[in-house]
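J.: This is my_file30.txt, which holds compact mmCIF, C-alpha atoms and all ligand atoms:
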```txt
# COMPACT_ATOMS: atom_id res chain seq x y z
CA MET U 77 -20.84 65.97 -72.93
CA ASN U 78 -18.37 66.16 -75.72
CA ASN U 79 -20.09 66.79 -79.02
CA ILE U 80 -17.65 66.03 -81.80
CA PRO U 81 -19.77 67.22 -84.77
CA GLU U 82 -20.42 70.50 -82.93
CA ASN U 83 -16.74 70.90 -82.00
CA LEU U 84 -15.82 70.31 -85.62
CA GLN U 85 -18.17 73.05 -86.81
CA ASP U 86 -16.87 75.41 -84.17
CA ILE U 87 -13.24 74.79 -85.14
CA ARG U 88 -14.05 75.31 -88.84
CA ARG U 89 -15.77 78.58 -87.94
CA ARG U 90 -12.73 79.72 -85.97
CA ILE U 91 -10.43 78.74 -88.85
CA ASN U 92 -12.58 80.71 -91.28
CA ARG U 93 -12.58 83.74 -89.03
CA ALA U 94 -8.80 83.69 -88.47
CA ALA U 95 -8.23 83.28 -92.21
CA ALA U 96 -10.65 86.07 -93.16
CA LEU U 97 -8.76 88.52 -90.92
CA ARG U 98 -5.86 88.23 -93.37
CA GLY U 99 -7.93 88.03 -96.52
CA ARG U 100 -7.39 84.31 -96.74
CA GLN U 101 -9.96 81.61 -97.45
CA GLY U 102 -10.71 79.25 -94.57
CA ARG U 103 -10.93 76.38 -97.02
CA ASP U 104 -7.25 76.87 -97.86
CA VAL U 105 -6.40 75.80 -94.32
CA VAL U 106 -6.40 72.03 -93.87
CA LEU U 107 -7.69 70.81 -90.53
CA VAL U 108 -5.67 67.78 -89.47
CA ALA U 109 -7.76 66.08 -86.77
CA VAL U 110 -5.33 64.56 -84.30
CA SER U 111 -6.83 61.22 -83.30
CA LYS U 112 -4.01 59.82 -81.14
CA MET U 113 -5.25 58.15 -77.96
CA GLN U 114 -8.90 58.56 -78.96
CA SER U 115 -11.49 55.80 -79.00
CA SER U 116 -12.66 54.27 -82.24
CA ASP U 117 -16.12 55.57 -81.37
CA SER U 118 -14.84 59.15 -81.29
CA ILE U 119 -12.97 58.63 -84.55
CA ASP U 120 -16.12 57.26 -86.18
CA GLN U 121 -18.07 60.31 -85.02
CA ALA U 122 -15.56 62.60 -86.70
CA LEU U 123 -15.68 60.52 -89.89
CA GLN U 124 -19.48 60.60 -89.89
CA ALA U 125 -19.36 64.37 -89.48
CA GLY U 126 -17.35 64.50 -92.70
CA GLN U 127 -13.79 64.93 -91.40
CA ARG U 128 -11.33 63.19 -93.73
CA VAL U 129 -7.82 64.34 -92.74
CA PHE U 130 -6.36 62.86 -89.57
CA GLY U 131 -3.04 63.00 -87.75
CA GLU U 132 -1.41 60.30 -85.65
CA ASN U 133 1.91 60.43 -83.84
CA ARG U 134 2.69 56.71 -83.56
CA VAL U 135 2.82 54.23 -86.43
CA GLN U 136 1.60 51.23 -84.45
CA GLU U 137 -1.34 53.04 -82.88
CA ALA U 138 -2.26 54.55 -86.24
CA ALA U 139 -2.43 51.08 -87.77
CA GLU U 140 -4.80 50.01 -84.99
CA HIS U 141 -7.02 53.05 -85.60
CA TRP U 142 -6.98 53.11 -89.37
CA ASP U 143 -6.32 49.72 -90.99
CA GLY U 144 -9.16 49.00 -93.40
CA LYS U 145 -10.76 52.45 -93.04
CA LYS U 146 -9.58 53.72 -96.43
CA GLN U 147 -11.82 51.21 -98.18
CA ILE U 148 -14.83 52.53 -96.26
CA TYR U 149 -14.04 56.25 -96.41
CA PRO U 150 -12.67 57.33 -99.79
CA GLY U 151 -10.58 60.47 -99.59
CA LEU U 152 -9.27 59.61 -96.15
CA GLN U 153 -5.83 61.15 -95.63
CA LEU U 154 -3.52 60.21 -92.80
CA HIS U 155 -0.66 62.45 -91.66
CA LEU U 156 2.19 61.18 -89.54
CA ILE U 157 2.92 63.97 -87.04
CA GLY U 158 5.19 62.11 -84.59
CA PRO U 159 8.84 61.04 -84.77
CA LEU U 160 9.57 58.24 -87.25
CA GLN U 161 12.13 55.52 -86.48
CA THR U 162 13.79 54.07 -89.57
CA ASN U 163 12.65 50.56 -88.59
CA LYS U 164 9.03 51.78 -88.87
CA VAL U 165 9.44 53.38 -92.29
CA ARG U 166 7.95 50.41 -94.16
CA ASP U 167 4.72 50.44 -92.15
CA ALA U 168 4.57 54.23 -92.24
CA VAL U 169 4.85 54.42 -96.03
CA ARG U 170 2.19 51.76 -96.37
CA LEU U 171 -0.32 53.45 -94.03
CA PHE U 172 0.21 57.21 -94.20
CA ASP U 173 -0.39 59.68 -97.03
CA VAL U 174 1.74 62.54 -95.74
CA ILE U 175 4.84 62.38 -93.51
CA GLU U 176 5.18 65.65 -91.57
CA THR U 177 8.21 64.73 -89.49
CA VAL U 178 11.21 64.30 -91.80
CA ASP U 179 14.13 65.53 -89.71
CA ARG U 180 17.42 63.76 -90.43
CA PRO U 181 19.56 62.41 -93.25
CA ALA U 182 19.12 58.70 -92.45
CA LEU U 183 15.34 59.09 -92.49
CA VAL U 184 15.42 60.82 -95.88
CA THR U 185 17.42 57.94 -97.35
CA ALA U 186 15.15 55.30 -95.80
CA LEU U 187 11.97 57.05 -97.03
CA VAL U 188 13.29 57.40 -100.57
CA LYS U 189 14.20 53.73 -100.72
CA GLU U 190 10.91 52.52 -99.22
CA MET U 191 8.71 54.73 -101.40
CA ALA U 192 10.52 53.43 -104.48
CA GLY U 193 10.07 49.86 -103.25
CA GLN U 194 6.33 50.31 -102.63
CA GLY U 195 5.77 52.51 -105.67
CA ARG U 196 4.19 55.16 -103.45
CA VAL U 197 4.98 58.88 -103.51
CA LEU U 198 4.14 60.60 -100.24
CA PRO U 199 4.44 64.35 -99.95
CA CYS U 200 6.52 65.24 -96.91
CA PHE U 201 7.16 68.12 -94.53
CA VAL U 202 10.43 68.77 -92.74
CA GLN U 203 9.95 69.21 -89.00
CA VAL U 204 12.02 72.10 -87.67
CA ASN U 205 13.02 72.30 -84.01
CA THR U 206 12.47 76.06 -83.93
CA GLY U 207 13.04 76.27 -80.17
CA GLU U 208 16.29 74.25 -80.44
CA GLU U 209 15.10 72.06 -77.60
CA PRO U 210 17.47 69.12 -77.01
CA GLN U 211 14.69 66.62 -76.23
CA LYS U 212 12.56 67.57 -79.22
CA ALA U 213 12.54 66.03 -82.68
CA GLY U 214 13.10 68.18 -85.74
CA VAL U 215 16.07 69.53 -87.63
CA LEU U 216 17.77 72.60 -86.17
CA PRO U 217 17.08 75.74 -88.22
CA GLN U 218 20.76 76.03 -89.18
CA GLU U 219 20.76 72.44 -90.48
CA LEU U 220 17.63 72.86 -92.57
CA PRO U 221 19.34 74.02 -95.79
CA ALA U 222 21.60 70.95 -95.98
CA LEU U 223 18.70 68.58 -95.30
CA LEU U 224 16.63 70.21 -98.06
CA VAL U 225 19.55 69.86 -100.47
CA GLN U 226 19.73 66.17 -99.63
CA CYS U 227 15.97 65.76 -100.18
CA ARG U 228 16.24 67.43 -103.58
CA GLU U 229 19.24 65.34 -104.63
CA GLN U 230 17.64 62.06 -103.55
CA GLY U 231 14.21 62.97 -104.91
CA LEU U 232 12.16 63.23 -101.70
CA LYS U 233 9.32 65.65 -102.36
CA ILE U 234 9.17 68.28 -99.60
CA GLY U 235 6.10 70.47 -99.73
CA GLY U 236 6.46 72.35 -96.50
CA LEU U 237 7.68 72.75 -92.94
CA MET U 238 6.21 71.74 -89.59
CA CYS U 239 6.99 72.84 -86.02
CA ILE U 240 5.89 72.34 -82.42
CA PRO U 241 6.79 75.46 -80.43
CA PRO U 242 8.25 75.15 -76.90
CA VAL U 243 5.45 75.18 -74.33
CA THR U 244 7.16 77.97 -72.39
CA GLU U 245 7.39 80.55 -75.18
CA PRO U 246 4.92 82.63 -77.18
CA PRO U 247 4.10 80.36 -80.12
CA ALA U 248 3.78 83.26 -82.57
CA LEU U 249 7.57 83.78 -82.50
CA HIS U 250 8.04 80.21 -83.70
CA PHE U 251 5.27 80.42 -86.28
CA ALA U 252 6.90 83.55 -87.67
CA LEU U 253 10.30 81.83 -87.83
CA LEU U 254 8.82 78.83 -89.64
CA GLN U 255 7.07 81.14 -92.09
CA LYS U 256 10.35 82.93 -92.78
CA LEU U 257 12.21 79.64 -93.35
CA ALA U 258 9.50 78.38 -95.71
CA HIS U 259 9.66 81.61 -97.66
CA GLU U 260 13.45 81.43 -97.96
CA HIS U 261 13.23 77.91 -99.35
CA GLN U 262 10.13 78.52 -101.48
CA LEU U 263 8.07 75.92 -99.68
CA LYS U 264 4.30 76.38 -99.87
CA ASN U 265 2.94 74.55 -96.85
CA LEU U 266 3.20 75.30 -93.15
CA SER U 267 1.92 72.82 -90.57
CA MET U 268 1.68 74.78 -87.33
CA GLY U 269 -0.89 75.50 -84.66
CA MET U 270 -2.65 73.11 -82.28
CA SER U 271 -5.79 73.40 -80.11
CA ALA U 272 -4.42 76.22 -77.97
CA ASP U 273 -2.90 78.36 -80.71
CA PHE U 274 -4.18 77.55 -84.22
CA GLU U 275 -5.84 80.96 -84.48
CA LYS U 276 -2.41 82.53 -83.98
CA ALA U 277 -0.80 80.29 -86.60
CA ILE U 278 -3.25 81.04 -89.41
CA PRO U 279 -2.44 84.78 -89.68
CA LEU U 280 1.23 83.74 -89.91
CA GLY U 281 0.54 81.51 -92.88
CA ALA U 282 -0.44 78.08 -91.52
CA THR U 283 -1.82 75.91 -94.32
CA HIS U 284 -2.31 72.94 -91.97
CA VAL U 285 -3.42 73.10 -88.33
CA ARG U 286 -3.20 69.99 -86.13
CA VAL U 287 -6.06 69.94 -83.65
CA GLY U 288 -6.79 67.16 -81.17
CA THR U 289 -8.16 68.25 -77.80
CA ALA U 290 -10.48 70.98 -79.11
CA LEU U 291 -12.14 68.45 -81.38
CA PHE U 292 -12.15 65.21 -79.39
CA GLY U 293 -11.81 66.43 -75.82
CA GLU U 294 -9.03 65.62 -73.35
CA ARG U 295 -6.96 62.54 -74.03
C1 LIG U 301 -0.96 65.74 -80.02
C2 LIG U 301 -0.43 66.61 -81.08
C3 LIG U 301 -1.20 67.67 -81.60
C4 LIG U 301 -2.59 68.03 -81.09
O1 LIG U 301 -2.50 68.70 -79.88
P1 LIG U 301 -3.82 69.32 -79.18
O2 LIG U 301 -3.27 70.29 -78.22
O3 LIG U 301 -4.53 68.18 -78.55
O4 LIG U 301 -4.63 69.95 -80.25
C5 LIG U 301 -0.66 68.42 -82.62
N1 LIG U 301 0.55 68.16 -83.11
C6 LIG U 301 1.32 67.15 -82.65
C7 LIG U 301 2.66 66.91 -83.25
C8 LIG U 301 0.85 66.34 -81.62
O5 LIG U 301 1.63 65.35 -81.16
```
Written as structure tokens, how would this file's structure read?
T.:
Amino acid sequence: MNNIPENLQDIRRRINRAAALRGRQGRDVVLVAVSKMQSSDSIDQALQAGQRVFGENRVQEAAEHWDGKKQIYPGLQLHLIGPLQTNKVRDAVRLFDVIETVDRPALVTALVKEMAGQGRVLPCFVQVNTGEEPQKAGVLPQELPALLVQCREQGLKIGGLMCIPPVTEPPALHFALLQKLAHEHQLKNLSMGMSADFEKAIPLGATHVRVGTALFGER
């Protein structure tokens, strides 16, 4: 049996332990509970256990999971952690509170325009394709500086960087690269680490870990 409240406690304990090893506070690490492909019953269990920050990777599915929930659960925060098409920007800005996957000039322009139109300011992360994988979203490391300049010039608030390491490589190499890039650009937040590797990401500076399977069980 999958016990979501118990899993949540266990993950928080592991976060605290990984943080303490580096003299950090576990509460400074945000647990983003990845609720993609989970049932509404599972999501409700996590909400009832007190979890308030959730990640979704598709705009349409997120709307199905979360429309109307913000009225019931104050403090609910939704992070978009999947690729964003420009034709979905309107719905994304309406529903989400943080966009973690800014990765190209056209998306920056579309987000700036839509946020102005809706009068909403969403903090964003730039997703970096640290493994330079052709099929993966994210800006290439060498293109990051120009994208950050564009964000600054157009007024898109970037608070940090996000990455998804290649499955075939030691994730710590990629976490270390992301940490270095964030440091170079004076960005505070690092969204890195998933169920299998969040304890490796925290010592390398993760401020946000995105955990699905370890909390909810297999999708
Ligand atoms: C699905 C997903 C996760 C969660 O992965 P788990 O291995 O289930 O913890 C994290 N980040 C992104 C971008 C995802 O798409």
J.: Could you produce a table of the residues of chain U lying within 9 Å of ligand LIG 301 (chain U), with the nearest pair of atoms per residue and their separation in Å rounded to one decimal, using all atoms listed in the file, ordered by chain and increasing residue number, as a tab-separated table?
T.:
```
residue	atom	partner	partner_atom	distance
U:Val108	CA	U:LIG301	C5	8.5
U:Ala109	CA	U:LIG301	C4	7.9
U:Val110	CA	U:LIG301	C4	5.5
U:Ser111	CA	U:LIG301	C1	8.1
U:Lys112	CA	U:LIG301	C1	6.8
U:Met113	CA	U:LIG301	C1	9.0
U:Gly131	CA	U:LIG301	N1	7.8
U:Glu132	CA	U:LIG301	O5	7.4
U:Asn133	CA	U:LIG301	O5	5.6
U:Leu156	CA	U:LIG301	C7	8.5
U:Ile157	CA	U:LIG301	C7	4.8
U:Gly158	CA	U:LIG301	C7	5.6
U:Pro159	CA	U:LIG301	C7	8.7
U:Glu176	CA	U:LIG301	C7	8.8
U:Thr177	CA	U:LIG301	C7	8.6
U:Met238	CA	U:LIG301	C7	8.7
U:Cys239	CA	U:LIG301	C7	7.8
U:Ile240	CA	U:LIG301	C7	6.4
U:Ser267	CA	U:LIG301	N1	8.9
U:Met268	CA	U:LIG301	N1	7.9
U:Gly269	CA	U:LIG301	C5	7.4
U:Met270	CA	U:LIG301	O4	4.2
U:Ser271	CA	U:LIG301	O4	3.6
U:Ala272	CA	U:LIG301	O2	6.0
U:Asp273	CA	U:LIG301	O2	8.5
U:Phe274	CA	U:LIG301	O4	8.6
U:Val285	CA	U:LIG301	C5	7.9
U:Arg286	CA	U:LIG301	C5	4.6
U:Val287	CA	U:LIG301	O4	3.7
U:Gly288	CA	U:LIG301	O3	3.6
U:Thr289	CA	U:LIG301	O3	3.7
U:Ala290	CA	U:LIG301	O4	6.0
U:Leu291	CA	U:LIG301	O4	7.7
U:Phe292	CA	U:LIG301	O3	8.2
U:Gly293	CA	U:LIG301	O3	8.0
U:Glu294	CA	U:LIG301	O3	7.3
U:Arg295	CA	U:LIG301	O3	7.6
```
J.: Do you have, as JSON lines, the list of residues of region 175-205 of chain U lying at most 9 Å from region 225-228 of chain U, each with its nearest atom pair and that distance in Å to one decimal, counting all atoms listed in the file and ordered by chain then number?
T.:
```
{"residue": "U:Pro181", "atom": "CA", "partner": "U:Gln226", "partner_atom": "CA", "distance": 7.4}
{"residue": "U:Val184", "atom": "CA", "partner": "U:Cys227", "partner_atom": "CA", "distance": 6.6}
{"residue": "U:Thr185", "atom": "CA", "partner": "U:Cys227", "partner_atom": "CA", "distance": 8.4}
{"residue": "U:Val188", "atom": "CA", "partner": "U:Cys227", "partner_atom": "CA", "distance": 8.8}
```
J.: Env of region 241-257 of chain U: 6 Å cut, atoms = only C-alpha atoms, seq-sep filter 2 positions within chain, self excluded. Answer as a ChimeraX atom specification.
T.: /U:207,259-260
J.: Could you check which of U:Ile91, U:Ile80, U:Ala168, U:Val197 is closest to Glu137 (chain U), using all atoms listed in the file?
T.: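 Looking at the shortest contact to Glu137 (chain U), the residue is U:Ala168.
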J.: Identify which of the residues U:Ile87, U:Gln262, U:Arg98, U:Val105 lies closest to Ala282 (chain U), counting only C-alpha atoms when measuring atom-to-atom distances.
T.: U:Val105
J.: Find the residues near Gly195 (chain U): any atom within 12 Å, counting all atoms listed in the file, skip ones fewer than 6 places away on the same chain, and give them as JSON, numbers by chain.
T.: {"U": [166, 169, 170, 187, 188, 189]}
J.: Can you give me N, CA, C and O atoms for region 180-198 of chain U, written as a PDB file, in the coordinates of the input?
T.:
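Saved file selection-v6.pdb follows:
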```pdb
ATOM      1  N   ARG U 180      15.994  64.115 -90.482  1.00  0.00           N
ATOM      2  CA  ARG U 180      17.420  63.760 -90.430  1.00  0.00           C
ATOM      3  C   ARG U 180      17.815  62.984 -91.678  1.00  0.00           C
ATOM      4  O   ARG U 180      16.970  62.324 -92.300  1.00  0.00           O
ATOM      5  N   PRO U 181      19.106  63.016 -92.006  1.00  0.00           N
ATOM      6  CA  PRO U 181      19.560  62.410 -93.250  1.00  0.00           C
ATOM      7  C   PRO U 181      19.209  60.928 -93.389  1.00  0.00           C
ATOM      8  O   PRO U 181      18.752  60.499 -94.454  1.00  0.00           O
ATOM      9  N   ALA U 182      19.380  60.145 -92.333  1.00  0.00           N
ATOM     10  CA  ALA U 182      19.120  58.700 -92.450  1.00  0.00           C
ATOM     11  C   ALA U 182      17.653  58.426 -92.758  1.00  0.00           C
ATOM     12  O   ALA U 182      17.322  57.465 -93.468  1.00  0.00           O
ATOM     13  N   LEU U 183      16.773  59.266 -92.239  1.00  0.00           N
ATOM     14  CA  LEU U 183      15.340  59.090 -92.490  1.00  0.00           C
ATOM     15  C   LEU U 183      15.002  59.433 -93.939  1.00  0.00           C
ATOM     16  O   LEU U 183      14.185  58.761 -94.577  1.00  0.00           O
ATOM     17  N   VAL U 184      15.633  60.456 -94.466  1.00  0.00           N
ATOM     18  CA  VAL U 184      15.420  60.820 -95.880  1.00  0.00           C
ATOM     19  C   VAL U 184      15.779  59.631 -96.767  1.00  0.00           C
ATOM     20  O   VAL U 184      14.990  59.204 -97.625  1.00  0.00           O
ATOM     21  N   THR U 185      16.952  59.066 -96.538  1.00  0.00           N
ATOM     22  CA  THR U 185      17.420  57.940 -97.350  1.00  0.00           C
ATOM     23  C   THR U 185      16.471  56.749 -97.235  1.00  0.00           C
ATOM     24  O   THR U 185      16.106  56.130 -98.238  1.00  0.00           O
ATOM     25  N   ALA U 186      16.042  56.452 -96.013  1.00  0.00           N
ATOM     26  CA  ALA U 186      15.150  55.300 -95.800  1.00  0.00           C
ATOM     27  C   ALA U 186      13.792  55.529 -96.470  1.00  0.00           C
ATOM     28  O   ALA U 186      13.216  54.608 -97.061  1.00  0.00           O
ATOM     29  N   LEU U 187      13.269  56.747 -96.402  1.00  0.00           N
ATOM     30  CA  LEU U 187      11.970  57.050 -97.030  1.00  0.00           C
ATOM     31  C   LEU U 187      12.050  56.938 -98.549  1.00  0.00           C
ATOM     32  O   LEU U 187      11.159  56.374 -99.182  1.00  0.00           O
ATOM     33  N   VAL U 188      13.124  57.458 -99.111  1.00  0.00           N
ATOM     34  CA  VAL U 188      13.290  57.400-100.570  1.00  0.00           C
ATOM     35  C   VAL U 188      13.298  55.952-101.043  1.00  0.00           C
ATOM     36  O   VAL U 188      12.612  55.578-102.000  1.00  0.00           O
ATOM     37  N   LYS U 189      14.064  55.131-100.342  1.00  0.00           N
ATOM     38  CA  LYS U 189      14.200  53.730-100.720  1.00  0.00           C
ATOM     39  C   LYS U 189      12.864  52.996-100.578  1.00  0.00           C
ATOM     40  O   LYS U 189      12.444  52.249-101.468  1.00  0.00           O
ATOM     41  N   GLU U 190      12.167  53.230 -99.468  1.00  0.00           N
ATOM     42  CA  GLU U 190      10.910  52.520 -99.220  1.00  0.00           C
ATOM     43  C   GLU U 190       9.804  52.963-100.175  1.00  0.00           C
ATOM     44  O   GLU U 190       9.027  52.151-100.652  1.00  0.00           O
ATOM     45  N   MET U 191       9.734  54.257-100.458  1.00  0.00           N
ATOM     46  CA  MET U 191       8.710  54.730-101.400  1.00  0.00           C
ATOM     47  C   MET U 191       8.940  54.132-102.779  1.00  0.00           C
ATOM     48  O   MET U 191       7.988  53.735-103.457  1.00  0.00           O
ATOM     49  N   ALA U 192      10.203  54.048-103.188  1.00  0.00           N
ATOM     50  CA  ALA U 192      10.520  53.430-104.480  1.00  0.00           C
ATOM     51  C   ALA U 192      10.097  51.969-104.458  1.00  0.00           C
ATOM     52  O   ALA U 192       9.469  51.474-105.403  1.00  0.00           O
ATOM     53  N   GLY U 193      10.402  51.273-103.364  1.00  0.00           N
ATOM     54  CA  GLY U 193      10.070  49.860-103.250  1.00  0.00           C
ATOM     55  C   GLY U 193       8.569  49.613-103.310  1.00  0.00           C
ATOM     56  O   GLY U 193       8.103  48.668-103.937  1.00  0.00           O
ATOM     57  N   GLN U 194       7.788  50.474-102.668  1.00  0.00           N
ATOM     58  CA  GLN U 194       6.330  50.310-102.630  1.00  0.00           C
ATOM     59  C   GLN U 194       5.633  50.998-103.802  1.00  0.00           C
ATOM     60  O   GLN U 194       4.418  50.872-103.959  1.00  0.00           O
ATOM     61  N   GLY U 195       6.392  51.771-104.576  1.00  0.00           N
ATOM     62  CA  GLY U 195       5.770  52.510-105.670  1.00  0.00           C
ATOM     63  C   GLY U 195       4.782  53.551-105.178  1.00  0.00           C
ATOM     64  O   GLY U 195       3.769  53.818-105.820  1.00  0.00           O
ATOM     65  N   ARG U 196       5.054  54.110-104.005  1.00  0.00           N
ATOM     66  CA  ARG U 196       4.190  55.160-103.450  1.00  0.00           C
ATOM     67  C   ARG U 196       4.978  56.457-103.325  1.00  0.00           C
ATOM     68  O   ARG U 196       6.139  56.439-102.936  1.00  0.00           O
ATOM     69  N   VAL U 197       4.336  57.571-103.672  1.00  0.00           N
ATOM     70  CA  VAL U 197       4.980  58.880-103.510  1.00  0.00           C
ATOM     71  C   VAL U 197       4.193  59.652-102.466  1.00  0.00           C
ATOM     72  O   VAL U 197       3.043  60.003-102.680  1.00  0.00           O
ATOM     73  N   LEU U 198       4.810  59.855-101.307  1.00  0.00           N
ATOM     74  CA  LEU U 198       4.140  60.600-100.240  1.00  0.00           C
ATOM     75  C   LEU U 198       4.743  61.989-100.141  1.00  0.00           C
ATOM     76  O   LEU U 198       5.963  62.123 -99.988  1.00  0.00           O
TER      77      LEU U 198
END
```
